[in-house]
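What follows is the content of structure-v3.pdb, which has PDB, C-alpha atoms:
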```
ATOM      1  CA  MET A1451     107.170 131.479  65.536  1.00  0.00           C
ATOM      2  CA  ASP A1452     105.001 134.450  66.394  1.00  0.00           C
ATOM      3  CA  VAL A1453     106.412 135.382  69.792  1.00  0.00           C
ATOM      4  CA  SER A1454     103.821 138.116  70.297  1.00  0.00           C
ATOM      5  CA  ARG A1455     101.116 135.450  70.546  1.00  0.00           C
ATOM      6  CA  ASP A1456     102.796 133.501  73.351  1.00  0.00           C
ATOM      7  CA  PRO A1457     100.775 133.776  76.558  1.00  0.00           C
ATOM      8  CA  ASN A1458     102.308 136.241  79.019  1.00  0.00           C
ATOM      9  CA  VAL A1459     100.683 136.916  82.391  1.00  0.00           C
ATOM     10  CA  ASN A1460     102.382 140.316  82.547  1.00  0.00           C
ATOM     11  CA  GLN A1461     100.250 141.514  79.641  1.00  0.00           C
ATOM     12  CA  ALA A1462      97.026 142.983  80.987  1.00  0.00           C
ATOM     13  CA  MET A1463      94.775 141.486  78.300  1.00  0.00           C
ATOM     14  CA  CYS A1464      96.430 138.067  78.057  1.00  0.00           C
ATOM     15  CA  PRO A1465      93.925 135.294  78.857  1.00  0.00           C
ATOM     16  CA  SER A1466      96.623 133.442  80.806  1.00  0.00           C
ATOM     17  CA  ARG A1467      96.380 136.140  83.473  1.00  0.00           C
ATOM     18  CA  LEU A1468      92.755 135.282  84.171  1.00  0.00           C
ATOM     19  CA  ILE A1469      93.651 131.601  84.508  1.00  0.00           C
ATOM     20  CA  LEU A1470      96.384 132.509  86.981  1.00  0.00           C
ATOM     21  CA  GLU A1471      93.823 134.574  88.891  1.00  0.00           C
ATOM     22  CA  HIS A1472      91.485 131.592  89.121  1.00  0.00           C
ATOM     23  CA  VAL A1473      94.259 129.334  90.417  1.00  0.00           C
ATOM     24  CA  THR A1474      95.522 131.920  92.912  1.00  0.00           C
ATOM     25  CA  SER A1475      92.117 133.252  93.994  1.00  0.00           C
ATOM     26  CA  ARG A1476      91.470 133.332  97.716  1.00  0.00           C
ATOM     27  CA  TRP A1477      89.432 130.112  97.697  1.00  0.00           C
ATOM     28  CA  GLY A1478      90.899 128.603  94.527  1.00  0.00           C
ATOM     29  CA  VAL A1479      94.296 128.135  96.192  1.00  0.00           C
ATOM     30  CA  LEU A1480      92.801 126.423  99.234  1.00  0.00           C
ATOM     31  CA  VAL A1481      90.371 124.232  97.271  1.00  0.00           C
ATOM     32  CA  LEU A1482      93.062 123.028  94.860  1.00  0.00           C
ATOM     33  CA  ALA A1483      95.564 122.350  97.647  1.00  0.00           C
ATOM     34  CA  THR A1484      92.945 120.467  99.670  1.00  0.00           C
ATOM     35  CA  LEU A1485      91.765 118.335  96.730  1.00  0.00           C
ATOM     36  CA  LEU A1486      95.361 117.236  96.175  1.00  0.00           C
ATOM     37  CA  GLY A1487      94.908 114.976  99.195  1.00  0.00           C
ATOM     38  CA  ARG A1488      91.799 113.163  97.976  1.00  0.00           C
ATOM     39  CA  SER A1489      88.337 113.716  96.497  1.00  0.00           C
ATOM     40  CA  TYR A1490      85.723 115.467  98.645  1.00  0.00           C
ATOM     41  CA  ARG A1491      81.975 115.850  98.804  1.00  0.00           C
ATOM     42  CA  PHE A1492      80.784 119.450  98.798  1.00  0.00           C
ATOM     43  CA  SER A1493      79.881 119.609 102.491  1.00  0.00           C
ATOM     44  CA  GLU A1494      83.120 117.876 103.516  1.00  0.00           C
ATOM     45  CA  LEU A1495      85.151 120.313 101.458  1.00  0.00           C
ATOM     46  CA  ARG A1496      83.304 123.220 102.992  1.00  0.00           C
ATOM     47  CA  ARG A1497      84.197 121.986 106.486  1.00  0.00           C
ATOM     48  CA  GLU A1498      87.838 121.499 105.467  1.00  0.00           C
ATOM     49  CA  VAL A1499      88.338 124.942 103.916  1.00  0.00           C
ATOM     50  CA  GLY A1500      87.610 127.102 106.961  1.00  0.00           C
ATOM     51  CA  GLY A1501      85.467 130.189 106.472  1.00  0.00           C
ATOM     52  CA  VAL A1502      84.267 129.613 102.923  1.00  0.00           C
ATOM     53  CA  SER A1503      80.574 130.289 102.308  1.00  0.00           C
ATOM     54  CA  GLU A1504      78.394 127.848 100.395  1.00  0.00           C
ATOM     55  CA  LYS A1505      78.033 130.364  97.591  1.00  0.00           C
ATOM     56  CA  MET A1506      81.752 131.090  97.264  1.00  0.00           C
ATOM     57  CA  LEU A1507      82.674 127.412  97.349  1.00  0.00           C
ATOM     58  CA  ALA A1508      80.115 126.587  94.652  1.00  0.00           C
ATOM     59  CA  GLN A1509      81.379 129.480  92.529  1.00  0.00           C
ATOM     60  CA  THR A1510      85.023 128.502  93.012  1.00  0.00           C
ATOM     61  CA  LEU A1511      84.361 124.856  92.137  1.00  0.00           C
ATOM     62  CA  GLN A1512      82.415 125.842  89.031  1.00  0.00           C
ATOM     63  CA  THR A1513      85.199 128.116  87.824  1.00  0.00           C
ATOM     64  CA  LEU A1514      87.803 125.409  88.444  1.00  0.00           C
ATOM     65  CA  GLU A1515      85.607 122.814  86.747  1.00  0.00           C
ATOM     66  CA  ARG A1516      85.130 125.006  83.687  1.00  0.00           C
ATOM     67  CA  ASP A1517      88.896 125.613  83.473  1.00  0.00           C
ATOM     68  CA  GLY A1518      89.411 121.837  83.437  1.00  0.00           C
ATOM     69  CA  PHE A1519      91.042 121.584  86.880  1.00  0.00           C
ATOM     70  CA  VAL A1520      88.245 119.944  88.843  1.00  0.00           C
ATOM     71  CA  HIS A1521      86.089 116.952  87.964  1.00  0.00           C
ATOM     72  CA  ARG A1522      82.531 116.960  89.291  1.00  0.00           C
ATOM     73  CA  ASP A1523      81.069 113.502  89.696  1.00  0.00           C
ATOM     74  CA  ALA A1524      77.328 113.456  90.400  1.00  0.00           C
ATOM     75  CA  LYS A1525      76.417 109.940  91.505  1.00  0.00           C
ATOM     76  CA  PRO A1526      72.864 108.840  90.531  1.00  0.00           C
ATOM     77  CA  VAL A1527      71.925 107.832  94.060  1.00  0.00           C
ATOM     78  CA  ILE A1528      69.365 108.904  96.644  1.00  0.00           C
ATOM     79  CA  PRO A1529      70.181 111.123  98.444  1.00  0.00           C
ATOM     80  CA  PRO A1530      72.242 112.767  95.664  1.00  0.00           C
ATOM     81  CA  ARG A1531      75.976 112.566  96.111  1.00  0.00           C
ATOM     82  CA  VAL A1532      78.500 114.781  94.332  1.00  0.00           C
ATOM     83  CA  ASP A1533      82.227 114.196  94.555  1.00  0.00           C
ATOM     84  CA  TYR A1534      84.875 116.695  93.537  1.00  0.00           C
ATOM     85  CA  SER A1535      88.335 115.607  92.481  1.00  0.00           C
ATOM     86  CA  LEU A1536      91.280 116.960  90.511  1.00  0.00           C
ATOM     87  CA  THR A1537      91.836 116.274  86.823  1.00  0.00           C
ATOM     88  CA  GLY A1538      95.363 115.667  85.539  1.00  0.00           C
ATOM     89  CA  LEU A1539      95.657 119.361  84.683  1.00  0.00           C
ATOM     90  CA  GLY A1540      94.241 120.297  88.079  1.00  0.00           C
ATOM     91  CA  LYS A1541      96.769 118.093  89.828  1.00  0.00           C
ATOM     92  CA  GLU A1542      99.593 120.021  88.174  1.00  0.00           C
ATOM     93  CA  ALA A1543      98.150 123.328  89.376  1.00  0.00           C
ATOM     94  CA  ALA A1544      97.378 121.916  92.812  1.00  0.00           C
ATOM     95  CA  GLU A1545     100.911 120.642  93.351  1.00  0.00           C
ATOM     96  CA  GLN A1546     102.222 124.162  92.900  1.00  0.00           C
ATOM     97  CA  VAL A1547      99.724 125.916  95.160  1.00  0.00           C
ATOM     98  CA  TRP A1548     100.068 123.097  97.699  1.00  0.00           C
ATOM     99  CA  GLY A1549     103.792 123.817  97.816  1.00  0.00           C
ATOM    100  CA  LEU A1550     103.077 127.508  98.232  1.00  0.00           C
ATOM    101  CA  ALA A1551     100.572 126.874 101.051  1.00  0.00           C
ATOM    102  CA  ARG A1552     103.000 124.631 102.940  1.00  0.00           C
ATOM    103  CA  TRP A1553     105.845 127.103 102.390  1.00  0.00           C
ATOM    104  CA  THR A1554     103.719 129.926 103.792  1.00  0.00           C
ATOM    105  CA  GLU A1555     102.837 127.927 106.890  1.00  0.00           C
ATOM    106  CA  LYS A1556     106.510 127.100 107.430  1.00  0.00           C
ATOM    107  CA  ARG A1557     107.605 130.730 107.045  1.00  0.00           C
ATOM    108  CA  THR A1558     104.907 132.384 109.157  1.00  0.00           C
ATOM    109  CA  ASP A1559     107.312 133.120 112.020  1.00  0.00           C
ATOM    110  CA  GLU A1560     109.855 134.771 109.681  1.00  0.00           C
ATOM    111  CA  VAL A1561     107.128 136.961 108.186  1.00  0.00           C
ATOM    112  CA  PHE A1562     106.000 137.989 111.666  1.00  0.00           C
ATOM    113  CA  ALA A1563     109.560 138.928 112.584  1.00  0.00           C
ATOM    114  CA  ALA A1564     109.888 140.953 109.364  1.00  0.00           C
ATOM    115  CA  ARG A1565     106.650 142.810 110.092  1.00  0.00           C
ATOM    116  CA  ALA A1566     107.746 143.660 113.630  1.00  0.00           C
ATOM    117  CA  ALA A1567     111.061 145.015 112.301  1.00  0.00           C
ATOM    118  CA  TYR A1568     109.274 147.012 109.586  1.00  0.00           C
ATOM    119  CA  ASP A1569     106.767 148.549 112.003  1.00  0.00           C
ATOM    120  CA  GLU A1570     109.534 149.346 114.462  1.00  0.00           C
ATOM    121  CA  SER A1571     111.603 151.137 111.820  1.00  0.00           C
ATOM    122  CA  LYS A1572     108.568 153.132 110.638  1.00  0.00           C
ATOM    123  CA  GLU A1573     107.848 154.148 114.213  1.00  0.00           C
ATOM    124  CA  ARG A1574     111.434 155.247 114.695  1.00  0.00           C
ATOM    125  CA  THR A1575     111.243 157.381 111.542  1.00  0.00           C
ATOM    126  CA  ALA A1576     107.973 158.960 112.686  1.00  0.00           C
ATOM    127  CA  ARG A1577     109.400 159.994 116.044  1.00  0.00           C
TER
ATOM    128  CA  MET B  43     104.557 119.771 120.604  1.00  0.00           C
ATOM    129  CA  ASP B  44     101.299 121.704 120.510  1.00  0.00           C
ATOM    130  CA  VAL B  45      99.969 120.717 117.087  1.00  0.00           C
ATOM    131  CA  SER B  46      96.986 123.054 117.389  1.00  0.00           C
ATOM    132  CA  ARG B  47      99.386 125.996 117.165  1.00  0.00           C
ATOM    133  CA  ASP B  48     100.965 124.929 113.884  1.00  0.00           C
ATOM    134  CA  PRO B  49     100.031 127.363 111.111  1.00  0.00           C
ATOM    135  CA  ASN B  50      97.324 125.975 108.839  1.00  0.00           C
ATOM    136  CA  VAL B  51      95.990 128.023 105.914  1.00  0.00           C
ATOM    137  CA  ASN B  52      92.744 126.045 105.976  1.00  0.00           C
ATOM    138  CA  GLN B  53      91.895 127.599 109.340  1.00  0.00           C
ATOM    139  CA  ALA B  54      89.995 130.829 108.774  1.00  0.00           C
ATOM    140  CA  MET B  55      91.743 132.801 111.514  1.00  0.00           C
ATOM    141  CA  CYS B  56      95.261 131.452 110.996  1.00  0.00           C
ATOM    142  CA  PRO B  57      97.686 134.304 110.195  1.00  0.00           C
ATOM    143  CA  SER B  58      99.386 132.110 107.581  1.00  0.00           C
ATOM    144  CA  ARG B  59      96.286 132.482 105.427  1.00  0.00           C
ATOM    145  CA  LEU B  60      96.761 136.239 105.201  1.00  0.00           C
ATOM    146  CA  ILE B  61     100.406 135.763 104.177  1.00  0.00           C
ATOM    147  CA  LEU B  62      99.308 133.346 101.466  1.00  0.00           C
ATOM    148  CA  GLU B  63      96.780 135.949 100.316  1.00  0.00           C
ATOM    149  CA  HIS B  64      99.526 138.560 100.023  1.00  0.00           C
ATOM    150  CA  VAL B  65     101.732 136.242  97.984  1.00  0.00           C
ATOM    151  CA  THR B  66      98.882 135.115  95.722  1.00  0.00           C
ATOM    152  CA  SER B  67      97.160 138.499  95.422  1.00  0.00           C
ATOM    153  CA  ARG B  68      96.432 139.669  91.905  1.00  0.00           C
ATOM    154  CA  TRP B  69      99.464 141.974  91.787  1.00  0.00           C
ATOM    155  CA  GLY B  70     101.553 140.211  94.412  1.00  0.00           C
ATOM    156  CA  VAL B  71     101.999 137.173  92.169  1.00  0.00           C
ATOM    157  CA  LEU B  72     103.083 139.250  89.189  1.00  0.00           C
ATOM    158  CA  VAL B  73     105.383 141.557  91.164  1.00  0.00           C
ATOM    159  CA  LEU B  74     107.149 138.669  92.917  1.00  0.00           C
ATOM    160  CA  ALA B  75     107.554 136.671  89.689  1.00  0.00           C
ATOM    161  CA  THR B  76     108.889 139.731  87.861  1.00  0.00           C
ATOM    162  CA  LEU B  77     111.373 140.666  90.599  1.00  0.00           C
ATOM    163  CA  LEU B  78     112.798 137.141  90.417  1.00  0.00           C
ATOM    164  CA  GLY B  79     114.503 138.246  87.204  1.00  0.00           C
ATOM    165  CA  ARG B  80     116.270 141.310  88.620  1.00  0.00           C
ATOM    166  CA  SER B  81     115.717 144.446  90.695  1.00  0.00           C
ATOM    167  CA  TYR B  82     113.459 147.169  89.275  1.00  0.00           C
ATOM    168  CA  ARG B  83     112.790 150.838  89.778  1.00  0.00           C
ATOM    169  CA  PHE B  84     109.167 151.668  90.527  1.00  0.00           C
ATOM    170  CA  SER B  85     108.340 153.094  87.092  1.00  0.00           C
ATOM    171  CA  GLU B  86     110.113 150.220  85.298  1.00  0.00           C
ATOM    172  CA  LEU B  87     108.191 147.676  87.343  1.00  0.00           C
ATOM    173  CA  ARG B  88     104.948 149.459  86.567  1.00  0.00           C
ATOM    174  CA  ARG B  89     105.669 149.223  82.846  1.00  0.00           C
ATOM    175  CA  GLU B  90     106.574 145.528  83.175  1.00  0.00           C
ATOM    176  CA  VAL B  91     103.480 144.465  85.108  1.00  0.00           C
ATOM    177  CA  GLY B  92     100.817 145.424  82.580  1.00  0.00           C
ATOM    178  CA  GLY B  93      97.703 147.169  83.854  1.00  0.00           C
ATOM    179  CA  VAL B  94      98.761 147.895  87.427  1.00  0.00           C
ATOM    180  CA  SER B  95      97.917 151.366  88.708  1.00  0.00           C
ATOM    181  CA  GLU B  96     100.459 153.471  90.577  1.00  0.00           C
ATOM    182  CA  LYS B  97      98.407 153.172  93.738  1.00  0.00           C
ATOM    183  CA  MET B  98      98.004 149.387  93.562  1.00  0.00           C
ATOM    184  CA  LEU B  99     101.692 148.846  92.795  1.00  0.00           C
ATOM    185  CA  ALA B 100     102.748 151.056  95.718  1.00  0.00           C
ATOM    186  CA  GLN B 101     100.335 149.225  98.020  1.00  0.00           C
ATOM    187  CA  THR B 102     101.482 145.796  96.805  1.00  0.00           C
ATOM    188  CA  LEU B 103     105.162 146.672  97.230  1.00  0.00           C
ATOM    189  CA  GLN B 104     104.555 148.036 100.721  1.00  0.00           C
ATOM    190  CA  THR B 105     102.710 144.886 101.792  1.00  0.00           C
ATOM    191  CA  LEU B 106     105.454 142.675 100.367  1.00  0.00           C
ATOM    192  CA  GLU B 107     108.135 144.839 102.000  1.00  0.00           C
ATOM    193  CA  ARG B 108     106.433 144.641 105.382  1.00  0.00           C
ATOM    194  CA  ASP B 109     106.129 140.847 105.080  1.00  0.00           C
ATOM    195  CA  GLY B 110     109.893 140.696 104.471  1.00  0.00           C
ATOM    196  CA  PHE B 111     109.699 139.624 100.810  1.00  0.00           C
ATOM    197  CA  VAL B 112     110.801 142.820  99.098  1.00  0.00           C
ATOM    198  CA  HIS B 113     113.729 145.092  99.860  1.00  0.00           C
ATOM    199  CA  ARG B 114     113.259 148.806  99.164  1.00  0.00           C
ATOM    200  CA  ASP B 115     116.501 150.612  98.489  1.00  0.00           C
ATOM    201  CA  ALA B 116     116.161 154.415  98.376  1.00  0.00           C
ATOM    202  CA  LYS B 117     119.398 155.800  96.938  1.00  0.00           C
ATOM    203  CA  PRO B 118     120.400 159.244  98.314  1.00  0.00           C
ATOM    204  CA  VAL B 119     120.768 160.825  94.870  1.00  0.00           C
ATOM    205  CA  ILE B 120     119.098 163.621  92.919  1.00  0.00           C
ATOM    206  CA  PRO B 121     116.674 162.863  91.345  1.00  0.00           C
ATOM    207  CA  PRO B 122     115.639 160.262  93.964  1.00  0.00           C
ATOM    208  CA  ARG B 123     116.038 156.679  92.909  1.00  0.00           C
ATOM    209  CA  VAL B 124     114.336 153.728  94.546  1.00  0.00           C
ATOM    210  CA  ASP B 125     115.131 150.134  93.648  1.00  0.00           C
ATOM    211  CA  TYR B 126     113.014 147.145  94.590  1.00  0.00           C
ATOM    212  CA  SER B 127     114.499 143.676  94.903  1.00  0.00           C
ATOM    213  CA  LEU B 128     113.697 140.364  96.565  1.00  0.00           C
ATOM    214  CA  THR B 129     114.998 139.337  99.979  1.00  0.00           C
ATOM    215  CA  GLY B 130     116.053 135.732 100.564  1.00  0.00           C
ATOM    216  CA  LEU B 131     112.581 134.960 101.900  1.00  0.00           C
ATOM    217  CA  GLY B 132     111.004 136.768  98.942  1.00  0.00           C
ATOM    218  CA  LYS B 133     113.091 134.737  96.508  1.00  0.00           C
ATOM    219  CA  GLU B 134     111.646 131.535  97.953  1.00  0.00           C
ATOM    220  CA  ALA B 135     108.098 132.813  97.500  1.00  0.00           C
ATOM    221  CA  ALA B 136     108.876 134.219  94.063  1.00  0.00           C
ATOM    222  CA  GLU B 137     110.295 130.943  92.784  1.00  0.00           C
ATOM    223  CA  GLN B 138     106.997 129.255  93.532  1.00  0.00           C
ATOM    224  CA  VAL B 139     104.726 131.872  91.987  1.00  0.00           C
ATOM    225  CA  TRP B 140     107.121 132.159  89.040  1.00  0.00           C
ATOM    226  CA  GLY B 141     106.653 128.449  88.425  1.00  0.00           C
ATOM    227  CA  LEU B 142     102.908 128.872  88.679  1.00  0.00           C
ATOM    228  CA  ALA B 143     102.895 131.795  86.232  1.00  0.00           C
ATOM    229  CA  ARG B 144     104.981 129.902  83.657  1.00  0.00           C
ATOM    230  CA  TRP B 145     102.828 126.781  84.112  1.00  0.00           C
ATOM    231  CA  THR B 146      99.679 128.828  83.508  1.00  0.00           C
ATOM    232  CA  GLU B 147     101.089 130.334  80.326  1.00  0.00           C
ATOM    233  CA  LYS B 148     102.076 126.881  79.089  1.00  0.00           C
ATOM    234  CA  ARG B 149      98.653 125.404  79.829  1.00  0.00           C
ATOM    235  CA  THR B 150      96.495 128.218  78.439  1.00  0.00           C
ATOM    236  CA  ASP B 151      95.483 126.187  75.363  1.00  0.00           C
ATOM    237  CA  GLU B 152      94.405 123.202  77.493  1.00  0.00           C
ATOM    238  CA  VAL B 153      92.295 125.457  79.696  1.00  0.00           C
ATOM    239  CA  PHE B 154      90.649 126.973  76.631  1.00  0.00           C
ATOM    240  CA  ALA B 155      89.824 123.516  75.300  1.00  0.00           C
ATOM    241  CA  ALA B 156      88.383 122.534  78.691  1.00  0.00           C
ATOM    242  CA  ARG B 157      86.207 125.656  78.769  1.00  0.00           C
ATOM    243  CA  ALA B 158      84.873 125.004  75.282  1.00  0.00           C
ATOM    244  CA  ALA B 159      83.982 121.416  76.233  1.00  0.00           C
ATOM    245  CA  TYR B 160      82.335 122.594  79.472  1.00  0.00           C
ATOM    246  CA  ASP B 161      80.259 125.272  77.736  1.00  0.00           C
ATOM    247  CA  GLU B 162      79.268 122.839  75.020  1.00  0.00           C
ATOM    248  CA  SER B 163      78.078 120.233  77.524  1.00  0.00           C
ATOM    249  CA  LYS B 164      76.096 122.866  79.459  1.00  0.00           C
ATOM    250  CA  GLU B 165      74.459 123.991  76.235  1.00  0.00           C
ATOM    251  CA  ARG B 166      73.539 120.427  75.374  1.00  0.00           C
ATOM    252  CA  THR B 167      71.956 119.961  78.803  1.00  0.00           C
ATOM    253  CA  ALA B 168      69.985 123.183  78.421  1.00  0.00           C
ATOM    254  CA  ARG B 169      68.487 122.121  75.095  1.00  0.00           C
TER
END
```

Can you dump the structure from the file as structure tokens?
Amino acid sequence: MDVSRDPNVNQAMCPSRLILEHVTSRWGVLVLATLLGRSYRFSELRREVGGVSEKMLAQTLQTLERDGFVHRDAKPVIPPRVDYSLTGLGKEAAEQVWGLARWTEKRTDEVFAARAAYDESKERTAR
Amino acid sequence: MDVSRDPNVNQAMCPSRLILEHVTSRWGVLVLATLLGRSYRFSELRREVGGVSEKMLAQTLQTLERDGFVHRDAKPVIPPRVDYSLTGLGKEAAEQVWGLARWTEKRTDEVFAARAAYDESKERTAR
């Protein structure tokens, strides 16, 4: 086995790092975690993921679609209807970022307490 | 219980979103996942996380320290020695991004296959 060819995100030029960056991108995380619940139409998804622009959401979905995480289903109806859902691969990624999102929400108070302690200790040192 | 006050990363102004962005930042992910193995000195960590600049690593470590994820231990020796390790809270975050990093490495081939199929289908449409 050629160990040097195994993907390693800690290597600057390894393609796995770019995949990790897509999954953990600002909007990628939120889109994946949201799609874990169910499939969404574009406008619905945009309402759900607060603050995302149309352009950024379209770009994020395209990147995730190209990576094989998101399935884009354009229904041949009038008016046009496009649904976005997770593929099997996307579900695996989404489960992990979903866990991370929920963990972050749960730990927000602890992080705030840590920041207050950090700022207080810096202030004390500066005095 | 006031549900509206529960942290929710999908709300643009929710502070939990910024914490999630720290944990999933380009270098935050790699630093947390690397520190899960053991504690590191600054220069060691910089060698381990390929491609990070001194400035970005210092900034990342400071953000993670302030959030309560990383412990900075400056030993009173000559020459100065500073070790970085995870706190209990940081270990929780690191376990999740570690899983995500390993998953990404494992799935790199699948993502490449998906990209090839996507590009091929786009090309066919363009013809």

What residues in chain B have any atom no more than 8 Å from chain A when counting all atoms listed in the file, and can you write them as a PyMOL selection string? chain B and resi 48-54+57-58+61-63+66-68+72+90-93+107-110+135+138-139+141-143+145-148+150+152-154+156-157+160-161

Please produce chain B as a short mmCIF file (atom, residue, chain, number, x, y, z; two decimals) with C-alpha atoms, in the frame of the given file once it has been superposed on chain A, the fit using all Cα atoms paired in sequence order.
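part36.cif, written as the output of this step:
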```cif
data_model
loop_
_atom_site.label_atom_id
_atom_site.label_comp_id
_atom_site.auth_asym_id
_atom_site.auth_seq_id
_atom_site.Cartn_x
_atom_site.Cartn_y
_atom_site.Cartn_z
CA MET B 43 107.06 131.44 65.47
CA ASP B 44 104.94 134.45 66.37
CA VAL B 45 106.37 135.35 69.78
CA SER B 46 103.81 138.11 70.31
CA ARG B 47 101.12 135.44 70.57
CA ASP B 48 102.80 133.50 73.37
CA PRO B 49 100.78 133.78 76.58
CA ASN B 50 102.32 136.25 79.03
CA VAL B 51 100.68 136.93 82.40
CA ASN B 52 102.38 140.33 82.56
CA GLN B 53 100.25 141.51 79.64
CA ALA B 54 97.03 142.99 80.97
CA MET B 55 94.77 141.49 78.31
CA CYS B 56 96.44 138.07 78.05
CA PRO B 57 93.93 135.30 78.87
CA SER B 58 96.63 133.45 80.82
CA ARG B 59 96.38 136.15 83.48
CA LEU B 60 92.75 135.29 84.17
CA ILE B 61 93.65 131.60 84.52
CA LEU B 62 96.38 132.51 86.99
CA GLU B 63 93.82 134.58 88.90
CA HIS B 64 91.49 131.59 89.13
CA VAL B 65 94.26 129.33 90.42
CA THR B 66 95.53 131.91 92.92
CA SER B 67 92.12 133.24 93.99
CA ARG B 68 91.48 133.33 97.71
CA TRP B 69 89.44 130.11 97.68
CA GLY B 70 90.91 128.61 94.52
CA VAL B 71 94.29 128.13 96.19
CA LEU B 72 92.80 126.43 99.24
CA VAL B 73 90.37 124.23 97.28
CA LEU B 74 93.06 123.03 94.86
CA ALA B 75 95.57 122.34 97.65
CA THR B 76 92.95 120.47 99.67
CA LEU B 77 91.77 118.34 96.74
CA LEU B 78 95.37 117.24 96.17
CA GLY B 79 94.91 114.99 99.20
CA ARG B 80 91.80 113.16 97.98
CA SER B 81 88.34 113.71 96.51
CA TYR B 82 85.72 115.47 98.65
CA ARG B 83 81.98 115.85 98.81
CA PHE B 84 80.79 119.45 98.78
CA SER B 85 79.87 119.63 102.47
CA GLU B 86 83.12 117.89 103.52
CA LEU B 87 85.16 120.32 101.46
CA ARG B 88 83.30 123.23 102.99
CA ARG B 89 84.17 122.00 106.48
CA GLU B 90 87.82 121.51 105.47
CA VAL B 91 88.34 124.94 103.92
CA GLY B 92 87.61 127.10 106.96
CA GLY B 93 85.47 130.19 106.47
CA VAL B 94 84.26 129.60 102.92
CA SER B 95 80.58 130.29 102.31
CA GLU B 96 78.39 127.86 100.39
CA LYS B 97 78.03 130.38 97.59
CA MET B 98 81.76 131.11 97.27
CA LEU B 99 82.67 127.41 97.35
CA ALA B 100 80.11 126.59 94.65
CA GLN B 101 81.37 129.48 92.52
CA THR B 102 85.02 128.50 93.02
CA LEU B 103 84.35 124.86 92.14
CA GLN B 104 82.41 125.84 89.03
CA THR B 105 85.21 128.11 87.82
CA LEU B 106 87.81 125.41 88.45
CA GLU B 107 85.61 122.80 86.74
CA ARG B 108 85.14 125.00 83.68
CA ASP B 109 88.90 125.61 83.47
CA GLY B 110 89.42 121.83 83.44
CA PHE B 111 91.04 121.58 86.89
CA VAL B 112 88.25 119.94 88.85
CA HIS B 113 86.10 116.96 87.97
CA ARG B 114 82.52 116.97 89.27
CA ASP B 115 81.08 113.50 89.68
CA ALA B 116 77.33 113.46 90.40
CA LYS B 117 76.42 109.93 91.49
CA PRO B 118 72.88 108.82 90.49
CA VAL B 119 71.90 107.80 94.03
CA ILE B 120 69.34 108.89 96.61
CA PRO B 121 70.17 111.12 98.42
CA PRO B 122 72.24 112.77 95.65
CA ARG B 123 75.96 112.56 96.09
CA VAL B 124 78.49 114.76 94.33
CA ASP B 125 82.22 114.19 94.55
CA TYR B 126 84.87 116.69 93.53
CA SER B 127 88.34 115.61 92.48
CA LEU B 128 91.28 116.95 90.50
CA THR B 129 91.83 116.27 86.81
CA GLY B 130 95.37 115.66 85.54
CA LEU B 131 95.67 119.35 84.68
CA GLY B 132 94.25 120.30 88.08
CA LYS B 133 96.78 118.08 89.83
CA GLU B 134 99.60 120.02 88.18
CA ALA B 135 98.16 123.32 89.38
CA ALA B 136 97.38 121.92 92.81
CA GLU B 137 100.91 120.64 93.35
CA GLN B 138 102.22 124.16 92.90
CA VAL B 139 99.73 125.92 95.16
CA TRP B 140 100.09 123.10 97.69
CA GLY B 141 103.81 123.82 97.82
CA LEU B 142 103.08 127.51 98.24
CA ALA B 143 100.60 126.88 101.06
CA ARG B 144 103.02 124.63 102.96
CA TRP B 145 105.87 127.11 102.40
CA THR B 146 103.72 129.93 103.80
CA GLU B 147 102.85 127.93 106.90
CA LYS B 148 106.52 127.11 107.44
CA ARG B 149 107.61 130.73 107.05
CA THR B 150 104.91 132.38 109.16
CA ASP B 151 107.33 133.12 112.03
CA GLU B 152 109.85 134.77 109.68
CA VAL B 153 107.13 136.96 108.20
CA PHE B 154 106.01 137.99 111.68
CA ALA B 155 109.56 138.93 112.60
CA ALA B 156 109.89 140.94 109.38
CA ARG B 157 106.65 142.80 110.11
CA ALA B 158 107.75 143.66 113.63
CA ALA B 159 111.07 145.02 112.32
CA TYR B 160 109.27 147.01 109.59
CA ASP B 161 106.77 148.54 112.01
CA GLU B 162 109.52 149.35 114.47
CA SER B 163 111.61 151.14 111.83
CA LYS B 164 108.56 153.12 110.64
CA GLU B 165 107.85 154.15 114.22
CA ARG B 166 111.43 155.27 114.68
CA THR B 167 111.23 157.38 111.52
CA ALA B 168 107.98 158.96 112.68
CA ARG B 169 109.45 160.04 116.01
#
```

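Atom pair atom CA of A:Leu1486 / atom CA of B:Lys164: separated by 26.1 Å.
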
Please compute the atom CA of B:Ala116-atom CA of B:Trp140 distance, one decimal, in Å. 25.8 Å

Identify all residues satisfying the PyMOL selection byres ((chain A and resi 1535) around 10) in the given file; provide them as a count of residues only. 22

Around stretch 1562-1576 of chain A, fit a box with edges along x, y and z, padding it by 6 Å on each side, then list its centre and edge lengths in Å to one decimal as lines of an AutoDock Vina configuration file.
```
center_x = 108.8
center_y = 148.5
center_z = 112.0
size_x = 17.6
size_y = 33.0
size_z = 17.3
```

What separation in Å, quoted to one decimal, exists between atom CA of A:Val1532 and atom CA of B:Arg169? 22.9 Å
